[in-house]
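Okay, structure_4.cif now, which holds mmCIF, C-alpha atoms:
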```
data_final
#
loop_
_atom_site.group_PDB
_atom_site.id
_atom_site.type_symbol
_atom_site.label_atom_id
_atom_site.label_comp_id
_atom_site.auth_asym_id
_atom_site.auth_seq_id
_atom_site.Cartn_x
_atom_site.Cartn_y
_atom_site.Cartn_z
ATOM 1 C CA MET F 507 44.524 29.581 114.226
ATOM 2 C CA LYS F 508 41.419 29.722 112.032
ATOM 3 C CA ALA F 509 40.036 33.073 110.873
ATOM 4 C CA ILE F 510 37.604 34.558 108.347
ATOM 5 C CA ALA F 511 39.557 36.607 105.789
ATOM 6 C CA GLN F 512 39.162 38.141 102.344
ATOM 7 C CA ASP F 513 41.481 39.314 99.545
ATOM 8 C CA ARG F 514 38.963 41.343 97.526
ATOM 9 C CA TYR F 515 35.701 43.197 97.942
ATOM 10 C CA GLY F 516 32.452 41.424 97.217
ATOM 11 C CA SER F 517 29.568 39.355 98.563
ATOM 12 C CA PRO F 518 29.929 36.900 101.472
ATOM 13 C CA ASP F 519 31.357 34.491 98.882
ATOM 14 C CA VAL F 520 34.705 36.333 99.112
ATOM 15 C CA LEU F 521 35.048 35.328 102.769
ATOM 16 C CA GLU F 522 37.264 32.315 103.442
ATOM 17 C CA LEU F 523 37.997 30.271 106.551
ATOM 18 C CA ARG F 524 41.805 30.201 106.651
ATOM 19 C CA GLU F 525 44.639 28.991 108.816
ATOM 20 C CA LEU F 526 46.662 32.005 109.957
ATOM 21 C CA ASP F 527 49.433 32.630 112.450
ATOM 22 C CA ARG F 528 48.283 33.400 115.957
ATOM 23 C CA PRO F 529 48.883 37.099 116.702
ATOM 24 C CA VAL F 530 51.253 38.197 119.469
ATOM 25 C CA PRO F 531 50.279 41.058 121.792
ATOM 26 C CA ALA F 532 52.561 44.099 121.753
ATOM 27 C CA ALA F 533 52.953 46.540 124.639
ATOM 28 C CA GLY F 534 49.543 47.711 125.835
ATOM 29 C CA GLU F 535 47.698 44.898 124.044
ATOM 30 C CA VAL F 536 45.911 41.722 125.108
ATOM 31 C CA LEU F 537 45.529 38.429 123.264
ATOM 32 C CA VAL F 538 42.032 36.990 123.626
ATOM 33 C CA ARG F 539 40.949 33.424 122.925
ATOM 34 C CA VAL F 540 37.621 34.199 121.246
ATOM 35 C CA SER F 541 34.510 32.338 122.376
ATOM 36 C CA ALA F 542 31.864 34.299 120.459
ATOM 37 C CA VAL F 543 31.578 37.181 117.989
ATOM 38 C CA SER F 544 28.675 39.255 116.668
ATOM 39 C CA VAL F 545 27.902 40.666 113.238
ATOM 40 C CA ASN F 546 27.335 44.368 112.540
ATOM 41 C CA ALA F 547 26.438 46.399 109.461
ATOM 42 C CA TYR F 548 30.044 47.599 109.687
ATOM 43 C CA ASP F 549 31.189 44.082 108.725
ATOM 44 C CA TRP F 550 29.279 43.876 105.455
ATOM 45 C CA HIS F 551 30.104 47.478 104.552
ATOM 46 C CA LEU F 552 33.792 46.639 104.880
ATOM 47 C CA MET F 553 33.399 43.244 103.197
ATOM 48 C CA ARG F 554 31.789 44.836 100.128
ATOM 49 C CA GLY F 555 33.700 48.122 100.192
ATOM 50 C CA ASP F 556 30.278 49.783 100.129
ATOM 51 C CA PRO F 557 29.748 52.706 99.840
ATOM 52 C CA TYR F 558 32.563 53.088 97.347
ATOM 53 C CA LEU F 559 33.673 56.411 98.812
ATOM 54 C CA ALA F 560 34.506 54.618 102.063
ATOM 55 C CA ARG F 561 37.226 52.652 100.246
ATOM 56 C CA LEU F 562 39.419 55.714 100.663
ATOM 57 C CA THR F 563 39.442 54.652 104.323
ATOM 58 C CA PHE F 564 38.973 50.874 104.041
ATOM 59 C CA GLY F 565 41.510 50.362 101.229
ATOM 60 C CA VAL F 566 41.094 51.293 97.572
ATOM 61 C CA ARG F 567 41.483 47.860 95.949
ATOM 62 C CA ARG F 568 41.078 45.533 98.925
ATOM 63 C CA PRO F 569 40.535 45.853 102.679
ATOM 64 C CA ARG F 570 43.677 46.946 104.492
ATOM 65 C CA THR F 571 42.776 44.537 107.277
ATOM 66 C CA PRO F 572 42.069 41.129 105.712
ATOM 67 C CA VAL F 573 40.386 39.468 108.722
ATOM 68 C CA ARG F 574 36.783 40.554 109.220
ATOM 69 C CA GLY F 575 34.855 41.086 112.426
ATOM 70 C CA ARG F 576 34.668 43.724 115.145
ATOM 71 C CA ASP F 577 32.872 42.446 118.273
ATOM 72 C CA PHE F 578 34.210 39.627 120.445
ATOM 73 C CA ALA F 579 33.996 37.967 123.846
ATOM 74 C CA GLY F 580 36.353 35.377 125.291
ATOM 75 C CA ARG F 581 39.183 34.786 127.751
ATOM 76 C CA VAL F 582 42.497 36.622 127.950
ATOM 77 C CA ALA F 583 45.233 34.244 126.726
ATOM 78 C CA ALA F 584 48.236 36.557 127.129
ATOM 79 C CA VAL F 585 49.063 40.197 127.790
ATOM 80 C CA GLY F 586 51.756 42.490 126.445
ATOM 81 C CA ALA F 587 54.037 44.740 128.452
ATOM 82 C CA ASP F 588 52.412 47.575 130.415
ATOM 83 C CA VAL F 589 49.056 45.804 130.731
ATOM 84 C CA ARG F 590 48.003 46.050 134.378
ATOM 85 C CA ARG F 591 44.215 45.959 134.336
ATOM 86 C CA LEU F 592 43.772 42.508 132.750
ATOM 87 C CA ARG F 593 45.482 39.156 133.166
ATOM 88 C CA PRO F 594 45.342 35.690 131.543
ATOM 89 C CA GLY F 595 42.141 33.862 132.320
ATOM 90 C CA ASP F 596 39.962 36.960 132.662
ATOM 91 C CA GLU F 597 36.616 36.737 130.856
ATOM 92 C CA VAL F 598 36.360 39.830 128.658
ATOM 93 C CA PHE F 599 34.522 41.491 125.779
ATOM 94 C CA GLY F 600 35.660 44.179 123.388
ATOM 95 C CA GLU F 601 35.842 45.754 119.966
ATOM 96 C CA THR F 602 38.661 45.722 117.408
ATOM 97 C CA ASP F 603 39.199 44.763 113.767
ATOM 98 C CA GLY F 604 40.016 41.115 113.062
ATOM 99 C CA ALA F 605 37.596 39.577 115.552
ATOM 100 C CA PHE F 606 36.278 36.727 113.332
ATOM 101 C CA ALA F 607 39.078 34.436 114.460
ATOM 102 C CA GLN F 608 40.017 31.985 117.187
ATOM 103 C CA TYR F 609 42.392 34.595 118.642
ATOM 104 C CA VAL F 610 42.378 38.379 118.417
ATOM 105 C CA VAL F 611 44.788 41.051 119.646
ATOM 106 C CA ALA F 612 43.226 44.258 120.945
ATOM 107 C CA PRO F 613 44.427 47.399 122.715
ATOM 108 C CA GLN F 614 43.728 47.034 126.432
ATOM 109 C CA ASP F 615 41.643 50.233 126.275
ATOM 110 C CA ALA F 616 39.213 48.524 123.875
ATOM 111 C CA VAL F 617 38.586 45.562 126.214
ATOM 112 C CA ALA F 618 36.711 45.221 129.514
ATOM 113 C CA VAL F 619 35.743 42.493 131.962
ATOM 114 C CA LYS F 620 32.624 40.646 130.805
ATOM 115 C CA PRO F 621 29.379 41.520 132.628
ATOM 116 C CA ALA F 622 28.526 39.011 135.337
ATOM 117 C CA GLY F 623 25.687 36.703 134.402
ATOM 118 C CA LEU F 624 26.037 37.069 130.635
ATOM 119 C CA SER F 625 27.056 34.258 128.326
ATOM 120 C CA PHE F 626 29.926 34.886 125.927
ATOM 121 C CA GLU F 627 27.347 35.072 123.134
ATOM 122 C CA GLN F 628 25.376 37.801 124.906
ATOM 123 C CA ALA F 629 28.540 39.715 125.787
ATOM 124 C CA ALA F 630 29.738 39.606 122.176
ATOM 125 C CA ALA F 631 26.520 41.379 121.172
ATOM 126 C CA LEU F 632 27.338 44.437 123.297
ATOM 127 C CA PRO F 633 30.449 46.318 122.115
ATOM 128 C CA LEU F 634 29.899 48.180 118.831
ATOM 129 C CA ALA F 635 26.111 48.487 118.995
ATOM 130 C CA GLY F 636 25.979 49.263 122.699
ATOM 131 C CA ASN F 637 28.816 51.776 122.430
ATOM 132 C CA THR F 638 27.128 53.532 119.500
ATOM 133 C CA ALA F 639 23.865 53.846 121.428
ATOM 134 C CA LEU F 640 25.654 55.048 124.557
ATOM 135 C CA VAL F 641 27.791 57.692 122.829
ATOM 136 C CA GLY F 642 24.843 58.946 120.810
ATOM 137 C CA LEU F 643 22.424 59.317 123.709
ATOM 138 C CA ARG F 644 24.719 60.168 126.626
ATOM 139 C CA ASP F 645 27.504 62.205 125.038
ATOM 140 C CA LEU F 646 25.885 63.818 121.986
ATOM 141 C CA GLY F 647 22.159 63.742 122.676
ATOM 142 C CA ARG F 648 22.729 64.552 126.369
ATOM 143 C CA VAL F 649 19.523 62.758 127.219
ATOM 144 C CA THR F 650 18.021 63.521 130.620
ATOM 145 C CA ALA F 651 14.952 62.412 132.521
ATOM 146 C CA GLY F 652 11.647 63.562 131.065
ATOM 147 C CA GLN F 653 12.912 64.249 127.558
ATOM 148 C CA ARG F 654 11.230 62.758 124.525
ATOM 149 C CA VAL F 655 13.456 60.465 122.449
ATOM 150 C CA LEU F 656 12.536 58.825 119.133
ATOM 151 C CA VAL F 657 14.559 55.867 117.840
ATOM 152 C CA ASN F 658 14.115 55.120 114.124
ATOM 153 C CA GLY F 659 15.254 51.533 113.589
ATOM 154 C CA ALA F 660 14.489 50.457 117.145
ATOM 155 C CA SER F 661 14.555 46.715 116.480
ATOM 156 C CA GLY F 662 18.087 46.647 115.059
ATOM 157 C CA GLY F 663 21.358 45.999 116.857
ATOM 158 C CA VAL F 664 21.950 49.593 117.931
ATOM 159 C CA GLY F 665 18.244 50.326 118.220
ATOM 160 C CA THR F 666 17.510 47.679 120.853
ATOM 161 C CA PHE F 667 20.272 49.133 123.021
ATOM 162 C CA ALA F 668 19.204 52.718 122.316
ATOM 163 C CA VAL F 669 15.661 52.084 123.545
ATOM 164 C CA GLN F 670 16.921 50.546 126.785
ATOM 165 C CA ILE F 671 19.629 53.151 127.443
ATOM 166 C CA ALA F 672 17.246 56.051 126.791
ATOM 167 C CA LYS F 673 14.811 54.513 129.273
ATOM 168 C CA ALA F 674 17.661 54.062 131.772
ATOM 169 C CA TYR F 675 18.232 57.822 131.581
ATOM 170 C CA GLY F 676 14.565 58.434 132.302
ATOM 171 C CA ALA F 677 13.466 59.480 128.819
ATOM 172 C CA ASP F 678 10.029 59.026 127.276
ATOM 173 C CA VAL F 679 10.833 56.739 124.318
ATOM 174 C CA THR F 680 9.069 56.356 120.978
ATOM 175 C CA ALA F 681 10.362 53.385 118.998
ATOM 176 C CA VAL F 682 9.883 53.006 115.233
ATOM 177 C CA CYS F 683 9.951 49.509 113.723
ATOM 178 C CA SER F 684 8.056 47.103 111.442
ATOM 179 C CA THR F 685 4.954 45.134 112.381
ATOM 180 C CA ARG F 686 6.770 41.913 113.262
ATOM 181 C CA ASN F 687 9.017 43.707 115.754
ATOM 182 C CA VAL F 688 6.391 45.691 117.668
ATOM 183 C CA ASP F 689 6.172 43.221 120.569
ATOM 184 C CA LEU F 690 9.955 42.923 120.847
ATOM 185 C CA VAL F 691 10.485 46.680 121.024
ATOM 186 C CA ARG F 692 7.632 47.140 123.475
ATOM 187 C CA SER F 693 9.209 44.493 125.730
ATOM 188 C CA LEU F 694 12.389 46.614 125.878
ATOM 189 C CA GLY F 695 10.492 49.380 127.644
ATOM 190 C CA ALA F 696 9.432 51.741 124.847
ATOM 191 C CA ASP F 697 6.610 54.023 125.965
ATOM 192 C CA ARG F 698 5.061 53.936 122.510
ATOM 193 C CA VAL F 699 5.799 51.947 119.377
ATOM 194 C CA VAL F 700 5.222 53.253 115.858
ATOM 195 C CA ASP F 701 4.699 50.603 113.183
ATOM 196 C CA TYR F 702 6.073 52.412 110.149
ATOM 197 C CA THR F 703 3.959 50.300 107.776
ATOM 198 C CA ARG F 704 0.839 51.901 109.289
ATOM 199 C CA GLU F 705 1.932 55.275 110.632
ATOM 200 C CA ASP F 706 4.391 58.003 109.620
ATOM 201 C CA PHE F 707 6.189 59.324 112.685
ATOM 202 C CA ALA F 708 7.307 62.420 110.744
ATOM 203 C CA ARG F 709 3.678 63.477 110.224
ATOM 204 C CA ALA F 710 2.242 62.479 113.577
ATOM 205 C CA GLY F 711 2.702 65.965 115.009
ATOM 206 C CA THR F 712 4.714 64.872 118.060
ATOM 207 C CA ARG F 713 7.974 66.733 118.644
ATOM 208 C CA HIS F 714 10.966 65.070 120.280
ATOM 209 C CA ASP F 715 14.024 66.432 122.048
ATOM 210 C CA VAL F 716 16.232 63.786 120.400
ATOM 211 C CA VAL F 717 15.704 61.785 117.206
ATOM 212 C CA PHE F 718 18.183 58.919 116.779
ATOM 213 C CA ASP F 719 18.121 57.740 113.146
ATOM 214 C CA LEU F 720 19.677 54.314 112.563
ATOM 215 C CA VAL F 721 18.206 53.470 109.173
ATOM 216 C CA ALA F 722 18.971 56.374 106.807
ATOM 217 C CA ASN F 723 15.686 55.752 105.005
ATOM 218 C CA ARG F 724 14.086 59.169 105.611
ATOM 219 C CA SER F 725 14.966 62.658 104.430
ATOM 220 C CA LEU F 726 16.479 65.259 106.716
ATOM 221 C CA THR F 727 13.267 67.233 106.326
ATOM 222 C CA ASP F 728 11.201 64.334 107.661
ATOM 223 C CA LEU F 729 13.581 63.696 110.551
ATOM 224 C CA ARG F 730 13.718 67.369 111.529
ATOM 225 C CA ARG F 731 9.927 67.575 111.413
ATOM 226 C CA ALA F 732 9.863 65.153 114.359
ATOM 227 C CA LEU F 733 12.186 67.419 116.403
ATOM 228 C CA THR F 734 11.543 70.363 118.692
ATOM 229 C CA PRO F 735 12.950 73.655 117.344
ATOM 230 C CA THR F 736 16.092 73.191 119.469
ATOM 231 C CA GLY F 737 16.190 69.392 119.412
ATOM 232 C CA THR F 738 19.052 67.098 118.442
ATOM 233 C CA LEU F 739 19.120 64.805 115.404
ATOM 234 C CA LEU F 740 21.623 61.958 115.652
ATOM 235 C CA VAL F 741 22.427 60.323 112.314
ATOM 236 C CA SER F 742 24.221 56.984 112.449
ATOM 237 C CA GLY F 743 22.462 54.787 109.905
ATOM 238 C CA GLY F 744 24.096 51.616 108.648
ATOM 239 C CA GLY F 745 21.506 50.981 105.958
ATOM 240 C CA VAL F 746 21.120 47.666 104.141
ATOM 241 C CA SER F 747 22.949 46.239 101.157
ATOM 242 C CA ALA F 748 21.606 47.583 97.875
ATOM 243 C CA GLY F 749 24.202 46.126 95.538
ATOM 244 C CA GLY F 750 26.804 48.883 95.805
ATOM 245 C CA SER F 751 26.602 52.658 95.882
ATOM 246 C CA LEU F 752 28.831 55.697 95.833
ATOM 247 C CA LEU F 753 27.592 57.239 99.077
ATOM 248 C CA GLY F 754 24.955 54.923 100.588
ATOM 249 C CA PRO F 755 23.926 56.103 104.083
ATOM 250 C CA MET F 756 26.830 58.584 103.921
ATOM 251 C CA ARG F 757 24.598 60.754 101.710
ATOM 252 C CA LEU F 758 22.331 61.548 104.657
ATOM 253 C CA ILE F 759 25.321 61.952 106.969
ATOM 254 C CA LEU F 760 27.023 64.450 104.644
ATOM 255 C CA LYS F 761 23.788 66.411 104.189
ATOM 256 C CA GLY F 762 23.360 66.476 107.935
ATOM 257 C CA ARG F 763 26.818 67.916 108.481
ATOM 258 C CA ALA F 764 26.229 70.622 105.902
ATOM 259 C CA LEU F 765 22.787 71.543 107.248
ATOM 260 C CA SER F 766 23.865 71.697 110.899
ATOM 261 C CA ARG F 767 25.545 75.072 110.340
ATOM 262 C CA PHE F 768 22.350 76.787 109.255
ATOM 263 C CA VAL F 769 19.562 75.552 111.537
ATOM 264 C CA GLY F 770 18.702 75.944 115.207
ATOM 265 C CA GLN F 771 18.383 72.208 115.653
ATOM 266 C CA ARG F 772 21.553 70.245 116.321
ATOM 267 C CA VAL F 773 22.276 67.780 113.488
ATOM 268 C CA LEU F 774 25.077 65.453 114.549
ATOM 269 C CA THR F 775 26.776 62.571 112.756
ATOM 270 C CA PHE F 776 29.322 60.364 114.453
ATOM 271 C CA PHE F 777 31.310 57.156 114.699
ATOM 272 C CA ALA F 778 31.706 55.763 118.217
ATOM 273 C CA ALA F 779 35.361 54.808 118.732
ATOM 274 C CA PRO F 780 36.080 51.693 120.832
ATOM 275 C CA SER F 781 36.344 52.557 124.511
ATOM 276 C CA GLY F 782 37.082 50.406 127.534
ATOM 277 C CA ALA F 783 35.466 53.042 129.756
ATOM 278 C CA ASN F 784 32.258 52.855 127.724
ATOM 279 C CA LEU F 785 32.316 49.061 127.857
ATOM 280 C CA ALA F 786 32.552 49.353 131.645
ATOM 281 C CA ALA F 787 29.536 51.691 131.609
ATOM 282 C CA LEU F 788 27.605 49.172 129.515
ATOM 283 C CA ARG F 789 28.590 46.443 131.977
ATOM 284 C CA GLU F 790 27.087 48.519 134.805
ATOM 285 C CA PHE F 791 23.848 48.925 132.852
ATOM 286 C CA VAL F 792 23.683 45.159 132.287
ATOM 287 C CA GLU F 793 24.535 44.177 135.848
ATOM 288 C CA SER F 794 21.940 46.628 137.214
ATOM 289 C CA GLY F 795 19.275 45.033 135.012
ATOM 290 C CA LYS F 796 18.685 48.170 132.924
ATOM 291 C CA VAL F 797 20.069 46.749 129.665
ATOM 292 C CA THR F 798 19.866 43.218 128.272
ATOM 293 C CA PRO F 799 21.445 42.205 124.952
ATOM 294 C CA VAL F 800 18.870 40.774 122.564
ATOM 295 C CA VAL F 801 20.131 37.985 120.289
ATOM 296 C CA ASP F 802 18.038 37.128 117.247
ATOM 297 C CA ARG F 803 20.037 34.182 115.953
ATOM 298 C CA THR F 804 23.199 32.262 116.891
ATOM 299 C CA TYR F 805 25.414 30.422 114.407
ATOM 300 C CA GLY F 806 27.554 27.538 115.590
ATOM 301 C CA SER F 807 31.016 27.995 114.054
ATOM 302 C CA LEU F 808 33.381 30.438 112.355
ATOM 303 C CA GLY F 809 32.664 28.719 109.061
ATOM 304 C CA GLU F 810 29.086 30.018 109.267
ATOM 305 C CA VAL F 811 30.128 33.697 109.383
ATOM 306 C CA PRO F 812 29.288 34.212 105.661
ATOM 307 C CA ASP F 813 25.749 32.943 106.301
ATOM 308 C CA ALA F 814 25.438 35.186 109.349
ATOM 309 C CA ILE F 815 26.463 38.235 107.298
ATOM 310 C CA ARG F 816 24.002 37.310 104.525
ATOM 311 C CA TYR F 817 21.265 37.258 107.132
ATOM 312 C CA VAL F 818 22.230 40.656 108.575
ATOM 313 C CA GLU F 819 22.797 42.532 105.329
ATOM 314 C CA GLY F 820 19.517 41.350 103.830
ATOM 315 C CA GLU F 821 17.541 43.147 106.585
ATOM 316 C CA HIS F 822 16.118 39.893 107.903
ATOM 317 C CA ALA F 823 17.797 40.234 111.284
ATOM 318 C CA ARG F 824 16.439 42.002 114.302
ATOM 319 C CA ALA F 825 18.598 42.836 117.320
ATOM 320 C CA LYS F 826 21.943 41.034 117.212
ATOM 321 C CA VAL F 827 23.284 38.022 115.303
ATOM 322 C CA VAL F 828 26.007 36.038 117.062
ATOM 323 C CA VAL F 829 28.498 33.355 116.032
ATOM 324 C CA THR F 830 29.977 30.874 118.509
ATOM 325 C CA VAL F 831 33.684 30.266 117.841
#
```
Output the structure of this file as structure tokens.
Amino acid sequence: MKAIAQDRYGSPDVLELRELDRPVPAAGEVLVRVSAVSVNAYDWHLMRGDPYLARLTFGVRRPRTPVRGRDFAGRVAAVGADVRRLRPGDEVFGETDGAFAQYVVAPQDAVAVKPAGLSFEQAAALPLAGNTALVGLRDLGRVTAGQRVLVNGASGGVGTFAVQIAKAYGADVTAVCSTRNVDLVRSLGADRVVDYTREDFARAGTRHDVVFDLVANRSLTDLRRALTPTGTLLVSGGGVSAGGSLLGPMRLILKGRALSRFVGQRVLTFFAAPSGANLAALREFVESGKVTPVVDRTYGSLGEVPDAIRYVEGEHARAKVVVTV
């Protein structure tokens, strides 16, 4: 099979389209023939080994997992022992490392049946970004009807889902984005849109029950200023490529963890682990019409993955970028 792999950290130039052996599903795993994948900030962070501190997890000298990619959609080609919920031929979507390939093996608990009515490209846009938005707002933010929610980075992959999911829970949503994305974010249901080139949400005087920061471009002081005294700050910023750094967006995350012990506001940082149950919840949102994946650009082959990552890491993308396999 063909796959996008790398042997060293670096720019998209280190990514190569290679011929690799097709993986074989073990017990509890499914083999998926991939039809489409999407690109996340996670992919370029791992590709570059940036921030450098994260290499303690990724691999010190090179990525432990050579094949890039996380989000996928396709058809089940084979199943391992003890897989009961899925069978060959099922149209599915999911999240696991090694997705930029013609075939990917994933734990059955990280895969779910594709939402009815979505293309494979749209379904591939859902897993990581949708799961991050869902876990942040439902599980950590505990968003309920009537609360005020602010999403900083509302036009990005996670942000477009966060706006829609917060509205699905009945929240009053303020979305922060750049001028060119105002109409897009408003179309997702935001009650008000703040163009950060013209207005500073941290000094507007409005207090929110939940602030979901997805950019890591503001200080904790600024973010907390937009919160009620007992509000919740969710920090999950992917940032953009700045040529390599020791901490990158982890700087804000680490500060948030330290501060959370000393203030009345809840300051929470998190990584949303892949979850078949959460994918099923996202499918329900989609099929009920409450959430629609937004795709900014689609590339036509695996060989174009490096170009897709260049587009995402340079902050040109809005919403999701997808590659057809």
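Across the structure, atom CA of Glu819 of chain F and atom CA of Ser541 of chain F are spaced 23.1 Å apart.
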Could you produce a table of the residues of segment 596-674 of chain F lying within 10 Å of segment 526-536 of chain F, with the nearest pair of atoms per residue and their separation in Å rounded to one decimal, using all atoms listed in the file, ordered by chain and increasing residue number, as JSON lines?
```
{"residue": "F:Ala607", "atom": "CA", "partner": "F:Leu526", "partner_atom": "CA", "distance": 9.1}
{"residue": "F:Gln608", "atom": "CA", "partner": "F:Arg528", "partner_atom": "CA", "distance": 8.5}
{"residue": "F:Tyr609", "atom": "CA", "partner": "F:Arg528", "partner_atom": "CA", "distance": 6.6}
{"residue": "F:Val610", "atom": "CA", "partner": "F:Pro529", "partner_atom": "CA", "distance": 6.8}
{"residue": "F:Val611", "atom": "CA", "partner": "F:Val536", "partner_atom": "CA", "distance": 5.6}
{"residue": "F:Ala612", "atom": "CA", "partner": "F:Glu535", "partner_atom": "CA", "distance": 5.5}
{"residue": "F:Pro613", "atom": "CA", "partner": "F:Glu535", "partner_atom": "CA", "distance": 4.3}
{"residue": "F:Gln614", "atom": "CA", "partner": "F:Glu535", "partner_atom": "CA", "distance": 5.1}
{"residue": "F:Asp615", "atom": "CA", "partner": "F:Gly534", "partner_atom": "CA", "distance": 8.3}
{"residue": "F:Ala616", "atom": "CA", "partner": "F:Glu535", "partner_atom": "CA", "distance": 9.2}
{"residue": "F:Val617", "atom": "CA", "partner": "F:Val536", "partner_atom": "CA", "distance": 8.3}
```
What does the structure give for the distance between atom CA of Tyr675 of chain F and atom CA of Ala630 of chain F, in Å to one decimal? 23.5 Å
Spell out the residues picked by the PyMOL selection byres ((chain F and resi 604) around 7) here, as a ChimeraX atom specification. /F:573-576,602-603,605-607,610
Sphere at (11.5, 65.0, 128.0), radius 9 Å, counting only C-alpha atoms: residues as a ChimeraX atom specification: /F:649-655,676-678,714-715
Evaluate the PyMOL selection byres ((chain F and resi 569) around 10) on the structure here and hand back the selected residues as a ChimeraX atom specification. /F:511-515,552-555,561,563-568,570-574
When distances are computed from all atoms listed in the file, which of F:Leu788, F:Leu733, F:Leu726, F:Val797 shows the smallest separation from Thr712 of chain F? F:Leu733
Identify the residues within 9 Å of coordinate (21.6, 41.2, 126.1) (same frame as the file), considering all atoms listed in the file, and give the answer as a short mmCIF file (atom, residue, chain, number, x, y, z; two decimals) with C-alpha atoms, in the frame of the given file.
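What follows is the written file point-v7.cif:
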```cif
data_model
loop_
_atom_site.label_atom_id
_atom_site.label_comp_id
_atom_site.auth_asym_id
_atom_site.auth_seq_id
_atom_site.Cartn_x
_atom_site.Cartn_y
_atom_site.Cartn_z
CA LEU F 624 26.04 37.07 130.64
CA GLU F 627 27.35 35.07 123.13
CA GLN F 628 25.38 37.80 124.91
CA ALA F 629 28.54 39.72 125.79
CA ALA F 631 26.52 41.38 121.17
CA LEU F 632 27.34 44.44 123.30
CA PHE F 667 20.27 49.13 123.02
CA VAL F 792 23.68 45.16 132.29
CA VAL F 797 20.07 46.75 129.66
CA THR F 798 19.87 43.22 128.27
CA PRO F 799 21.44 42.20 124.95
CA VAL F 800 18.87 40.77 122.56
CA VAL F 801 20.13 37.98 120.29
CA LYS F 826 21.94 41.03 117.21
#
```
Decode the PyMOL selection byres ((chain F and resi 802) around 9) for the given file into explicit residues and return them as JSON, numbers by chain. {"F": [800, 801, 803, 804, 823, 824, 825, 826, 827, 828]}
Determine, counting all atoms listed in the file, which protein, DNA and RNA residues have an atom within 8 Å of an atom of Ile671 of chain F; residues of the same chain fewer than 5 positions away are not included. Present the result as an MDAnalysis selection string. chainID F and resid 639:640 643 796:797
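Taking all atoms listed in the file into account, Tyr805 of chain F lies nearest to F:Thr830 out of the set F:Thr830, F:Thr738, F:Asn784, F:Gln771.
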Report, in Å with one decimal, the straight-line distance from atom CA of Val619 of chain F to atom CA of Glu601 of chain F. 12.4 Å
